[in-house]
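Visitor: A single structure is presented below for examination.
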Amino acid sequence: MYDLVIRNGSIVDGSGLPSFTADVAIKEGRIAKIGRVTEEAKETIDAAGKKVSPGFIDPHTHFDAQLLWDGAAKPALSHGITTIVPGNCSLSLAPLKEKHRKKLVGMFNQIEEMPLKAFEEGVDWSWETFSDYLDRIRKGLSVNVAPLVGHSLIRLWVMDDAALERTATDEEIGQMQSVLRECLEAGAIGLSTSYVDMDETLQPVPSRLADHREVDALASVLSEFGRILQIVPEFYDPDLTIARLDQLAELSIKHGIPTTFSPLFVQSDNAIDVKRIMARVDEQFARGARVWPQVQTRPIDLSFCFAVPSLLFIRFPGWYGTMRFGTHDSIVATFSDAEQRKNLIAEIEAVPQFAPVWPALILRQVQTDENQRFVGKTLEEIARLRNTSPLEAMIDISLEEDLQAHFLAENMGHNDDDQVGGLLAHPCVHVGASDGGAHILSFSTYGDTGYLFGHFVRNVQSMNLEAAVKKITSDTAAIWNIPDRGLLQKGLRADITIFDADAIDRGAEYFVRDVPGDGDRYVRDSIGIDTVIVGGEVAWSASTGYSDATAGEILPGAEARA
């Protein structure tokens, strides 16, 4: 008798080949048979009219802290995702000495906009080593976790505060190699680093102080395990991005490792630059390198209020400094002072390329009854009604709402379906950069998978369904060397997503208050996902929600080598 049989579904097996109708039988957490199954099962799911695919894999998340109190990485499972990769952008939660905990929390708060409240209420800091951190999250996992270890953490572990000040000595680099080796033996899937991020004092994160010989030495350790190197390049500058891409290619060829960079955004104003970047990607692949760009499917809808810093203002030192280093009272005082307000507005008006952003901002949420009539309107519309300018209206309403007015900047990531669709269809591009678990006060970092199918498969038709499934299952598993996943194939681990191809989409975004551990955050429900199976057990379904199943695993597993 089988444990579970999925009957009458349309099988999209992750290979990219055409779908076919069959049953899927599962026993002891693995796929036992695909075809006509007549034997009985303890549990049966009727998937008639639905697609049955491998579970989706999200290679760019920041669920590191959330996994401590939420082994399901909500709401990732509900979007069909059965494997997540945390630890991106040079940041992980280990290895970490006690004296650097506050520093790490500050970096997560600055870079990923993760609230301090989440760490205060949800993190018990009962570990230091990477192995101990994995042991801490291993029990109770509903989702698979393929964790990266952060370069900035390894530097802090070896160099202490000097990691924030200088390059490493040969002896320190040797120690870093040993630490990285220990992390990989414990179960890290690779190393992440960043060339752009800043800490809570707006100084470079430790990984940015590393020279090339340090990165090269760490890549040599990755080669012992066949593990991946992930970087955040200077994505705002195409020439610097290409230079980093070339460095990655050399490391990939020299050490025989896969590499990936994230993010790669395409908009109408940078389409030529993205073509240049992709032309270089093609050249490097032709040389034998593996340099995989990560592209997100969804446009970014960025929300903010002035009670917390927002990366929307990172290019405006006056604004960002006021939010980052100010208190509630000092921000109110700055906005209320006529001269300081004048200077802030002048700073924004001095950057003409941002001029279209401000009038188009939408007032999303207020607390007072008086301003409810403006909710849903743009600042341009509100300014007209209040006989003022959009920027003045934004400041005035923020003061009236005690800094709790929430504004929305729509479509900050991309705005040309043909360009983005063509990029997603490129054979060397894989879907990533979702940032799940991060930026929870700015925008919902969920819905990439639904948007891929709903928009780029069904509406724009940039690729067919089978190709899209392959992108987020077997392609990602192959690129990241994630074992036993990515295909519906006899003998493989039964991570399976059942969905309605005619309905799947990203749901509406909404704001949730007082979520335990997280505090307030933006979330986005899934549409069209029917059932999500992890390790042969139903982890989530549209009818019953999250189950008590805990069949998630740490991947690739301790001491797994190439």
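Chain labels run A, B, ... following the order of the structure tokens; each chain numbers its residues from 1, and ligands are numbered from 1 in the order shown.
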Among range 261-490 of chain A, which ones does DSSP assign to strand (DSSP E or B) (computed from the backbone)? Answer as a ChimeraX atom specification.

Guide: /A:261,291-295,302-304,362-365,378,406-409,430-431,436

Visitor: Convert the current residue selection to file output with N, CA and C atoms, as a PDB file, in the first residue's frame.

Guide:
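Output (result-v1.pdb):
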```pdb
ATOM      1  N   PHE A 261      24.866  35.743  -9.774  1.00  0.00           N
ATOM      2  CA  PHE A 261      24.781  37.116  -9.288  1.00  0.00           C
ATOM      3  C   PHE A 261      23.333  37.588  -9.310  1.00  0.00           C
ATOM      4  N   VAL A 291      28.069  31.302 -14.888  1.00  0.00           N
ATOM      5  CA  VAL A 291      27.777  32.583 -14.238  1.00  0.00           C
ATOM      6  C   VAL A 291      26.299  32.868 -14.458  1.00  0.00           C
ATOM      7  N   TRP A 292      25.480  32.483 -13.495  1.00  0.00           N
ATOM      8  CA  TRP A 292      24.035  32.495 -13.679  1.00  0.00           C
ATOM      9  C   TRP A 292      23.429  33.790 -13.141  1.00  0.00           C
ATOM     10  N   PRO A 293      22.828  34.617 -14.004  1.00  0.00           N
ATOM     11  CA  PRO A 293      22.093  35.796 -13.506  1.00  0.00           C
ATOM     12  C   PRO A 293      20.770  35.375 -12.880  1.00  0.00           C
ATOM     13  N   GLN A 294      20.376  36.072 -11.833  1.00  0.00           N
ATOM     14  CA  GLN A 294      19.063  35.864 -11.224  1.00  0.00           C
ATOM     15  C   GLN A 294      18.161  37.048 -11.563  1.00  0.00           C
ATOM     16  N   VAL A 295      16.974  36.740 -12.045  1.00  0.00           N
ATOM     17  CA  VAL A 295      15.999  37.758 -12.431  1.00  0.00           C
ATOM     18  C   VAL A 295      14.694  37.465 -11.697  1.00  0.00           C
ATOM     19  N   LEU A 302       6.739  49.110  -3.866  1.00  0.00           N
ATOM     20  CA  LEU A 302       7.456  49.484  -2.649  1.00  0.00           C
ATOM     21  C   LEU A 302       6.590  50.357  -1.752  1.00  0.00           C
ATOM     22  N   SER A 303       6.342  49.871  -0.535  1.00  0.00           N
ATOM     23  CA  SER A 303       5.573  50.628   0.448  1.00  0.00           C
ATOM     24  C   SER A 303       6.508  51.202   1.498  1.00  0.00           C
ATOM     25  N   PHE A 304       6.114  52.314   2.092  1.00  0.00           N
ATOM     26  CA  PHE A 304       6.934  52.895   3.152  1.00  0.00           C
ATOM     27  C   PHE A 304       6.094  53.838   3.997  1.00  0.00           C
ATOM     28  N   ILE A 362       1.055  56.405  -4.179  1.00  0.00           N
ATOM     29  CA  ILE A 362      -0.328  56.208  -3.762  1.00  0.00           C
ATOM     30  C   ILE A 362      -0.392  56.161  -2.240  1.00  0.00           C
ATOM     31  N   LEU A 363      -1.333  56.905  -1.669  1.00  0.00           N
ATOM     32  CA  LEU A 363      -1.556  56.819  -0.231  1.00  0.00           C
ATOM     33  C   LEU A 363      -2.271  55.503   0.048  1.00  0.00           C
ATOM     34  N   ARG A 364      -1.601  54.647   0.786  1.00  0.00           N
ATOM     35  CA  ARG A 364      -2.084  53.287   0.933  1.00  0.00           C
ATOM     36  C   ARG A 364      -2.866  53.057   2.218  1.00  0.00           C
ATOM     37  N   GLN A 365      -2.447  53.701   3.282  1.00  0.00           N
ATOM     38  CA  GLN A 365      -3.059  53.408   4.572  1.00  0.00           C
ATOM     39  C   GLN A 365      -2.867  54.591   5.516  1.00  0.00           C
ATOM     40  N   THR A 378      -3.375  59.131  -5.743  1.00  0.00           N
ATOM     41  CA  THR A 378      -1.968  59.466  -5.897  1.00  0.00           C
ATOM     42  C   THR A 378      -1.671  60.779  -5.176  1.00  0.00           C
ATOM     43  N   HIS A 406       1.090  55.257   5.196  1.00  0.00           N
ATOM     44  CA  HIS A 406       1.825  54.340   4.328  1.00  0.00           C
ATOM     45  C   HIS A 406       1.583  54.738   2.869  1.00  0.00           C
ATOM     46  N   PHE A 407       2.683  54.827   2.119  1.00  0.00           N
ATOM     47  CA  PHE A 407       2.633  55.201   0.712  1.00  0.00           C
ATOM     48  C   PHE A 407       3.135  54.039  -0.136  1.00  0.00           C
ATOM     49  N   LEU A 408       2.695  53.997  -1.380  1.00  0.00           N
ATOM     50  CA  LEU A 408       3.046  52.901  -2.285  1.00  0.00           C
ATOM     51  C   LEU A 408       3.648  53.457  -3.570  1.00  0.00           C
ATOM     52  N   ALA A 409       4.847  52.953  -3.905  1.00  0.00           N
ATOM     53  CA  ALA A 409       5.466  53.231  -5.203  1.00  0.00           C
ATOM     54  C   ALA A 409       5.326  51.971  -6.042  1.00  0.00           C
ATOM     55  N   HIS A 430      18.109  32.259 -14.415  1.00  0.00           N
ATOM     56  CA  HIS A 430      17.169  31.533 -13.582  1.00  0.00           C
ATOM     57  C   HIS A 430      16.431  32.498 -12.672  1.00  0.00           C
ATOM     58  N   VAL A 431      15.239  32.073 -12.269  1.00  0.00           N
ATOM     59  CA  VAL A 431      14.351  32.942 -11.497  1.00  0.00           C
ATOM     60  C   VAL A 431      14.847  33.007 -10.064  1.00  0.00           C
ATOM     61  N   GLY A 436      12.406  36.701  -0.199  1.00  0.00           N
ATOM     62  CA  GLY A 436      11.419  36.239   0.761  1.00  0.00           C
ATOM     63  C   GLY A 436      11.924  36.340   2.181  1.00  0.00           C
TER      64      GLY A 436
END
```

Visitor: Taking into account only C-alpha atoms, which residue in the set A:Ile189, A:Val52, A:Ala41, A:Ala146 is nearest to Gly9 in chain A?

Guide: A:Val52

Visitor: When you count only C-alpha atoms, which of these residues is closest to Pro18 in chain A: A:Arg213, A:Lys254, A:Lys470, A:Arg315?

Guide: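 Result for the nearest residue to Pro18 in chain A: A:Lys470.
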
Visitor: Write out as a PDB file with N, CA and C atoms, in the first residue's frame the set of residues from range 99-224 of chain A that DSSP, computed on the backbone, places in alpha helix (DSSP H).

Guide:
```
ATOM      1  N   ARG A 101      26.373  39.894  17.792  1.00  0.00           N
ATOM      2  CA  ARG A 101      24.942  39.722  17.515  1.00  0.00           C
ATOM      3  C   ARG A 101      24.273  41.055  17.186  1.00  0.00           C
ATOM      4  N   LYS A 102      24.562  42.061  17.988  1.00  0.00           N
ATOM      5  CA  LYS A 102      23.950  43.368  17.757  1.00  0.00           C
ATOM      6  C   LYS A 102      24.355  43.914  16.389  1.00  0.00           C
ATOM      7  N   LYS A 103      25.609  43.696  16.012  1.00  0.00           N
ATOM      8  CA  LYS A 103      26.089  44.156  14.709  1.00  0.00           C
ATOM      9  C   LYS A 103      25.320  43.476  13.582  1.00  0.00           C
ATOM     10  N   LEU A 104      25.131  42.170  13.687  1.00  0.00           N
ATOM     11  CA  LEU A 104      24.419  41.434  12.643  1.00  0.00           C
ATOM     12  C   LEU A 104      22.971  41.899  12.538  1.00  0.00           C
ATOM     13  N   VAL A 105      22.318  42.082  13.680  1.00  0.00           N
ATOM     14  CA  VAL A 105      20.928  42.549  13.660  1.00  0.00           C
ATOM     15  C   VAL A 105      20.847  43.904  12.965  1.00  0.00           C
ATOM     16  N   GLY A 106      21.818  44.776  13.231  1.00  0.00           N
ATOM     17  CA  GLY A 106      21.848  46.078  12.571  1.00  0.00           C
ATOM     18  C   GLY A 106      21.988  45.953  11.070  1.00  0.00           C
ATOM     19  N   MET A 107      22.816  45.013  10.613  1.00  0.00           N
ATOM     20  CA  MET A 107      22.991  44.820   9.170  1.00  0.00           C
ATOM     21  C   MET A 107      21.727  44.280   8.528  1.00  0.00           C
ATOM     22  N   PHE A 108      21.078  43.318   9.176  1.00  0.00           N
ATOM     23  CA  PHE A 108      19.817  42.806   8.640  1.00  0.00           C
ATOM     24  C   PHE A 108      18.763  43.911   8.593  1.00  0.00           C
ATOM     25  N   ASN A 109      18.751  44.749   9.612  1.00  0.00           N
ATOM     26  CA  ASN A 109      17.785  45.840   9.652  1.00  0.00           C
ATOM     27  C   ASN A 109      18.048  46.852   8.543  1.00  0.00           C
ATOM     28  N   GLN A 110      19.312  47.171   8.314  1.00  0.00           N
ATOM     29  CA  GLN A 110      19.666  48.152   7.294  1.00  0.00           C
ATOM     30  C   GLN A 110      19.481  47.604   5.881  1.00  0.00           C
ATOM     31  N   ILE A 111      20.009  46.412   5.631  1.00  0.00           N
ATOM     32  CA  ILE A 111      20.062  45.892   4.263  1.00  0.00           C
ATOM     33  C   ILE A 111      18.744  45.259   3.848  1.00  0.00           C
ATOM     34  N   GLU A 112      18.177  44.463   4.736  1.00  0.00           N
ATOM     35  CA  GLU A 112      16.971  43.703   4.387  1.00  0.00           C
ATOM     36  C   GLU A 112      15.711  44.276   5.018  1.00  0.00           C
ATOM     37  N   LEU A 116      13.694  45.209  14.080  1.00  0.00           N
ATOM     38  CA  LEU A 116      14.387  44.821  15.294  1.00  0.00           C
ATOM     39  C   LEU A 116      13.489  43.958  16.171  1.00  0.00           C
ATOM     40  N   LYS A 117      12.186  44.227  16.103  1.00  0.00           N
ATOM     41  CA  LYS A 117      11.216  43.487  16.909  1.00  0.00           C
ATOM     42  C   LYS A 117      11.269  41.993  16.599  1.00  0.00           C
ATOM     43  N   ALA A 118      11.510  41.642  15.339  1.00  0.00           N
ATOM     44  CA  ALA A 118      11.566  40.227  14.964  1.00  0.00           C
ATOM     45  C   ALA A 118      12.701  39.518  15.686  1.00  0.00           C
ATOM     46  N   PHE A 119      13.848  40.185  15.791  1.00  0.00           N
ATOM     47  CA  PHE A 119      14.987  39.579  16.476  1.00  0.00           C
ATOM     48  C   PHE A 119      14.784  39.585  17.989  1.00  0.00           C
ATOM     49  N   GLU A 120      14.203  40.646  18.504  1.00  0.00           N
ATOM     50  CA  GLU A 120      14.001  40.738  19.952  1.00  0.00           C
ATOM     51  C   GLU A 120      13.038  39.675  20.456  1.00  0.00           C
ATOM     52  N   GLU A 121      11.976  39.402  19.677  1.00  0.00           N
ATOM     53  CA  GLU A 121      10.941  38.499  20.143  1.00  0.00           C
ATOM     54  C   GLU A 121      11.101  37.064  19.635  1.00  0.00           C
ATOM     55  N   GLY A 122      11.810  36.891  18.530  1.00  0.00           N
ATOM     56  CA  GLY A 122      11.828  35.565  17.917  1.00  0.00           C
ATOM     57  C   GLY A 122      13.154  34.844  17.939  1.00  0.00           C
ATOM     58  N   PHE A 130      27.938  27.469  12.681  1.00  0.00           N
ATOM     59  CA  PHE A 130      26.960  27.211  11.625  1.00  0.00           C
ATOM     60  C   PHE A 130      26.264  25.878  11.870  1.00  0.00           C
ATOM     61  N   SER A 131      27.022  24.887  12.317  1.00  0.00           N
ATOM     62  CA  SER A 131      26.443  23.577  12.602  1.00  0.00           C
ATOM     63  C   SER A 131      25.376  23.677  13.684  1.00  0.00           C
ATOM     64  N   ASP A 132      25.669  24.442  14.740  1.00  0.00           N
ATOM     65  CA  ASP A 132      24.693  24.586  15.822  1.00  0.00           C
ATOM     66  C   ASP A 132      23.444  25.332  15.357  1.00  0.00           C
ATOM     67  N   TYR A 133      23.629  26.329  14.484  1.00  0.00           N
ATOM     68  CA  TYR A 133      22.457  27.037  13.943  1.00  0.00           C
ATOM     69  C   TYR A 133      21.571  26.076  13.151  1.00  0.00           C
ATOM     70  N   LEU A 134      22.189  25.235  12.322  1.00  0.00           N
ATOM     71  CA  LEU A 134      21.392  24.284  11.543  1.00  0.00           C
ATOM     72  C   LEU A 134      20.672  23.292  12.460  1.00  0.00           C
ATOM     73  N   ASP A 135      21.337  22.864  13.509  1.00  0.00           N
ATOM     74  CA  ASP A 135      20.668  21.972  14.468  1.00  0.00           C
ATOM     75  C   ASP A 135      19.480  22.675  15.120  1.00  0.00           C
ATOM     76  N   ARG A 136      19.620  23.980  15.330  1.00  0.00           N
ATOM     77  CA  ARG A 136      18.543  24.757  15.962  1.00  0.00           C
ATOM     78  C   ARG A 136      17.297  24.820  15.079  1.00  0.00           C
ATOM     79  N   ILE A 137      17.467  24.917  13.767  1.00  0.00           N
ATOM     80  CA  ILE A 137      16.303  25.049  12.890  1.00  0.00           C
ATOM     81  C   ILE A 137      15.852  23.719  12.288  1.00  0.00           C
ATOM     82  N   ARG A 138      16.687  22.680  12.417  1.00  0.00           N
ATOM     83  CA  ARG A 138      16.419  21.422  11.711  1.00  0.00           C
ATOM     84  C   ARG A 138      15.101  20.786  12.125  1.00  0.00           C
ATOM     85  N   HIS A 151      29.617  35.619   3.769  1.00  0.00           N
ATOM     86  CA  HIS A 151      31.024  36.021   3.798  1.00  0.00           C
ATOM     87  C   HIS A 151      31.285  37.029   4.917  1.00  0.00           C
ATOM     88  N   SER A 152      30.364  37.978   5.101  1.00  0.00           N
ATOM     89  CA  SER A 152      30.557  38.975   6.155  1.00  0.00           C
ATOM     90  C   SER A 152      30.638  38.313   7.527  1.00  0.00           C
ATOM     91  N   LEU A 153      29.875  37.234   7.739  1.00  0.00           N
ATOM     92  CA  LEU A 153      29.902  36.528   9.016  1.00  0.00           C
ATOM     93  C   LEU A 153      31.228  35.810   9.229  1.00  0.00           C
ATOM     94  N   ILE A 154      31.746  35.197   8.176  1.00  0.00           N
ATOM     95  CA  ILE A 154      33.029  34.499   8.290  1.00  0.00           C
ATOM     96  C   ILE A 154      34.146  35.480   8.607  1.00  0.00           C
ATOM     97  N   ARG A 155      34.104  36.660   7.977  1.00  0.00           N
ATOM     98  CA  ARG A 155      35.132  37.675   8.269  1.00  0.00           C
ATOM     99  C   ARG A 155      35.049  38.134   9.728  1.00  0.00           C
ATOM    100  N   LEU A 156      33.834  38.404  10.215  1.00  0.00           N
ATOM    101  CA  LEU A 156      33.669  38.820  11.616  1.00  0.00           C
ATOM    102  C   LEU A 156      34.155  37.734  12.575  1.00  0.00           C
ATOM    103  N   TRP A 157      33.865  36.501  12.261  1.00  0.00           N
ATOM    104  CA  TRP A 157      34.256  35.382  13.119  1.00  0.00           C
ATOM    105  C   TRP A 157      35.774  35.309  13.261  1.00  0.00           C
ATOM    106  N   VAL A 158      36.487  35.490  12.158  1.00  0.00           N
ATOM    107  CA  VAL A 158      37.945  35.350  12.158  1.00  0.00           C
ATOM    108  C   VAL A 158      38.646  36.641  12.574  1.00  0.00           C
ATOM    109  N   MET A 159      38.171  37.783  12.063  1.00  0.00           N
ATOM    110  CA  MET A 159      38.906  39.042  12.203  1.00  0.00           C
ATOM    111  C   MET A 159      38.359  39.964  13.282  1.00  0.00           C
ATOM    112  N   ASP A 170      47.354  36.814   5.256  1.00  0.00           N
ATOM    113  CA  ASP A 170      47.388  35.443   4.760  1.00  0.00           C
ATOM    114  C   ASP A 170      46.929  34.459   5.838  1.00  0.00           C
ATOM    115  N   GLU A 171      47.347  34.697   7.074  1.00  0.00           N
ATOM    116  CA  GLU A 171      46.951  33.810   8.166  1.00  0.00           C
ATOM    117  C   GLU A 171      45.443  33.862   8.390  1.00  0.00           C
ATOM    118  N   GLU A 172      44.869  35.060   8.337  1.00  0.00           N
ATOM    119  CA  GLU A 172      43.423  35.198   8.528  1.00  0.00           C
ATOM    120  C   GLU A 172      42.649  34.546   7.386  1.00  0.00           C
ATOM    121  N   ILE A 173      43.182  34.667   6.173  1.00  0.00           N
ATOM    122  CA  ILE A 173      42.515  34.014   5.038  1.00  0.00           C
ATOM    123  C   ILE A 173      42.524  32.503   5.219  1.00  0.00           C
ATOM    124  N   GLY A 174      43.630  31.967   5.710  1.00  0.00           N
ATOM    125  CA  GLY A 174      43.685  30.534   5.982  1.00  0.00           C
ATOM    126  C   GLY A 174      42.666  30.115   7.013  1.00  0.00           C
ATOM    127  N   GLN A 175      42.475  30.952   8.038  1.00  0.00           N
ATOM    128  CA  GLN A 175      41.462  30.659   9.057  1.00  0.00           C
ATOM    129  C   GLN A 175      40.065  30.718   8.466  1.00  0.00           C
ATOM    130  N   MET A 176      39.835  31.693   7.587  1.00  0.00           N
ATOM    131  CA  MET A 176      38.524  31.778   6.927  1.00  0.00           C
ATOM    132  C   MET A 176      38.253  30.532   6.090  1.00  0.00           C
ATOM    133  N   GLN A 177      39.268  30.035   5.422  1.00  0.00           N
ATOM    134  CA  GLN A 177      39.088  28.810   4.649  1.00  0.00           C
ATOM    135  C   GLN A 177      38.657  27.658   5.546  1.00  0.00           C
ATOM    136  N   SER A 178      39.270  27.557   6.715  1.00  0.00           N
ATOM    137  CA  SER A 178      38.906  26.487   7.644  1.00  0.00           C
ATOM    138  C   SER A 178      37.471  26.637   8.138  1.00  0.00           C
ATOM    139  N   VAL A 179      37.082  27.879   8.439  1.00  0.00           N
ATOM    140  CA  VAL A 179      35.716  28.117   8.901  1.00  0.00           C
ATOM    141  C   VAL A 179      34.706  27.790   7.798  1.00  0.00           C
ATOM    142  N   LEU A 180      34.995  28.223   6.571  1.00  0.00           N
ATOM    143  CA  LEU A 180      34.096  27.925   5.457  1.00  0.00           C
ATOM    144  C   LEU A 180      33.982  26.424   5.257  1.00  0.00           C
ATOM    145  N   ARG A 181      35.098  25.727   5.371  1.00  0.00           N
ATOM    146  CA  ARG A 181      35.074  24.271   5.201  1.00  0.00           C
ATOM    147  C   ARG A 181      34.167  23.629   6.256  1.00  0.00           C
ATOM    148  N   GLU A 182      34.254  24.115   7.488  1.00  0.00           N
ATOM    149  CA  GLU A 182      33.387  23.591   8.553  1.00  0.00           C
ATOM    150  C   GLU A 182      31.912  23.843   8.243  1.00  0.00           C
ATOM    151  N   CYS A 183      31.609  25.022   7.705  1.00  0.00           N
ATOM    152  CA  CYS A 183      30.220  25.353   7.360  1.00  0.00           C
ATOM    153  C   CYS A 183      29.704  24.456   6.242  1.00  0.00           C
ATOM    154  N   LEU A 184      30.529  24.215   5.240  1.00  0.00           N
ATOM    155  CA  LEU A 184      30.119  23.362   4.132  1.00  0.00           C
ATOM    156  C   LEU A 184      29.935  21.924   4.594  1.00  0.00           C
ATOM    157  N   GLU A 185      30.810  21.463   5.489  1.00  0.00           N
ATOM    158  CA  GLU A 185      30.657  20.114   6.034  1.00  0.00           C
ATOM    159  C   GLU A 185      29.384  19.995   6.870  1.00  0.00           C
ATOM    160  N   ALA A 186      28.983  21.095   7.497  1.00  0.00           N
ATOM    161  CA  ALA A 186      27.758  21.088   8.310  1.00  0.00           C
ATOM    162  C   ALA A 186      26.504  21.084   7.455  1.00  0.00           C
ATOM    163  N   HIS A 212      40.622  40.409  -3.784  1.00  0.00           N
ATOM    164  CA  HIS A 212      40.338  39.276  -4.665  1.00  0.00           C
ATOM    165  C   HIS A 212      41.035  38.000  -4.198  1.00  0.00           C
ATOM    166  N   ARG A 213      42.225  38.113  -3.611  1.00  0.00           N
ATOM    167  CA  ARG A 213      42.925  36.904  -3.173  1.00  0.00           C
ATOM    168  C   ARG A 213      42.135  36.187  -2.083  1.00  0.00           C
ATOM    169  N   GLU A 214      41.402  36.948  -1.246  1.00  0.00           N
ATOM    170  CA  GLU A 214      40.559  36.325  -0.221  1.00  0.00           C
ATOM    171  C   GLU A 214      39.394  35.576  -0.860  1.00  0.00           C
ATOM    172  N   VAL A 215      38.720  36.231  -1.796  1.00  0.00           N
ATOM    173  CA  VAL A 215      37.596  35.576  -2.470  1.00  0.00           C
ATOM    174  C   VAL A 215      38.078  34.351  -3.242  1.00  0.00           C
ATOM    175  N   ASP A 216      39.231  34.462  -3.878  1.00  0.00           N
ATOM    176  CA  ASP A 216      39.799  33.344  -4.625  1.00  0.00           C
ATOM    177  C   ASP A 216      40.099  32.168  -3.690  1.00  0.00           C
ATOM    178  N   ALA A 217      40.643  32.466  -2.516  1.00  0.00           N
ATOM    179  CA  ALA A 217      40.961  31.409  -1.562  1.00  0.00           C
ATOM    180  C   ALA A 217      39.696  30.708  -1.071  1.00  0.00           C
ATOM    181  N   LEU A 218      38.652  31.474  -0.837  1.00  0.00           N
ATOM    182  CA  LEU A 218      37.391  30.875  -0.394  1.00  0.00           C
ATOM    183  C   LEU A 218      36.744  30.067  -1.525  1.00  0.00           C
ATOM    184  N   ALA A 219      36.885  30.546  -2.746  1.00  0.00           N
ATOM    185  CA  ALA A 219      36.361  29.791  -3.892  1.00  0.00           C
ATOM    186  C   ALA A 219      37.062  28.442  -4.028  1.00  0.00           C
ATOM    187  N   SER A 220      38.341  28.395  -3.658  1.00  0.00           N
ATOM    188  CA  SER A 220      39.065  27.124  -3.732  1.00  0.00           C
ATOM    189  C   SER A 220      38.482  26.104  -2.759  1.00  0.00           C
ATOM    190  N   VAL A 221      37.970  26.579  -1.611  1.00  0.00           N
ATOM    191  CA  VAL A 221      37.308  25.674  -0.670  1.00  0.00           C
ATOM    192  C   VAL A 221      35.966  25.225  -1.225  1.00  0.00           C
ATOM    193  N   LEU A 222      35.239  26.147  -1.846  1.00  0.00           N
ATOM    194  CA  LEU A 222      33.977  25.767  -2.488  1.00  0.00           C
ATOM    195  C   LEU A 222      34.195  24.655  -3.504  1.00  0.00           C
ATOM    196  N   SER A 223      35.337  24.697  -4.183  1.00  0.00           N
ATOM    197  CA  SER A 223      35.616  23.691  -5.217  1.00  0.00           C
ATOM    198  C   SER A 223      35.760  22.291  -4.623  1.00  0.00           C
ATOM    199  N   GLU A 224      36.184  22.201  -3.367  1.00  0.00           N
ATOM    200  CA  GLU A 224      36.311  20.891  -2.728  1.00  0.00           C
ATOM    201  C   GLU A 224      34.959  20.200  -2.613  1.00  0.00           C
TER     202      GLU A 224
END
```

Visitor: Residues within 9 Å of Asp197 in chain A, please, as a PyMOL selection string. Count only C-alpha atoms; anything in the same chain fewer than 2 positions from it doesn't count.

Guide: chain A and resi 89-90+107+110-111+194-195+199+202-205+207-208+232

Visitor: Record the distance separating CA of Ala47 in chain A and CA of Ala494 in chain A, expressed in Å with one decimal.

Guide: 15.7 Å

Visitor: Please measure the separation of CA of Glu250 in chain A and CA of Ile231 in chain A, giving the value in Å to one decimal.

Guide: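 Straight-line distance from CA of Glu250 in chain A to CA of Ile231 in chain A works out to 14.1 Å.
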
Visitor: Go through range 73-107 of chain A and flag each residue having an atom no more than 12 Å from range 476-483 of chain A; for those, report the closest pair of atoms plus their distance in Å to one decimal, using only C-alpha atoms, ordered by chain and rising number, as JSON lines.

Guide:
```
{"residue": "A:Thr82", "atom": "CA", "partner": "A:Ala477", "partner_atom": "CA", "distance": 11.7}
{"residue": "A:Thr83", "atom": "CA", "partner": "A:Ile482", "partner_atom": "CA", "distance": 9.3}
{"residue": "A:Ile84", "atom": "CA", "partner": "A:Ile482", "partner_atom": "CA", "distance": 10.7}
{"residue": "A:Val85", "atom": "CA", "partner": "A:Trp480", "partner_atom": "CA", "distance": 9.6}
```

Visitor: Between A:Gly187, A:Gly49, A:Gly422, A:Gly29, which residue has the minimum interatomic distance to Ala271 in chain A, considering only C-alpha atoms?

Guide: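 Result for the nearest residue to Ala271 in chain A: A:Gly422.
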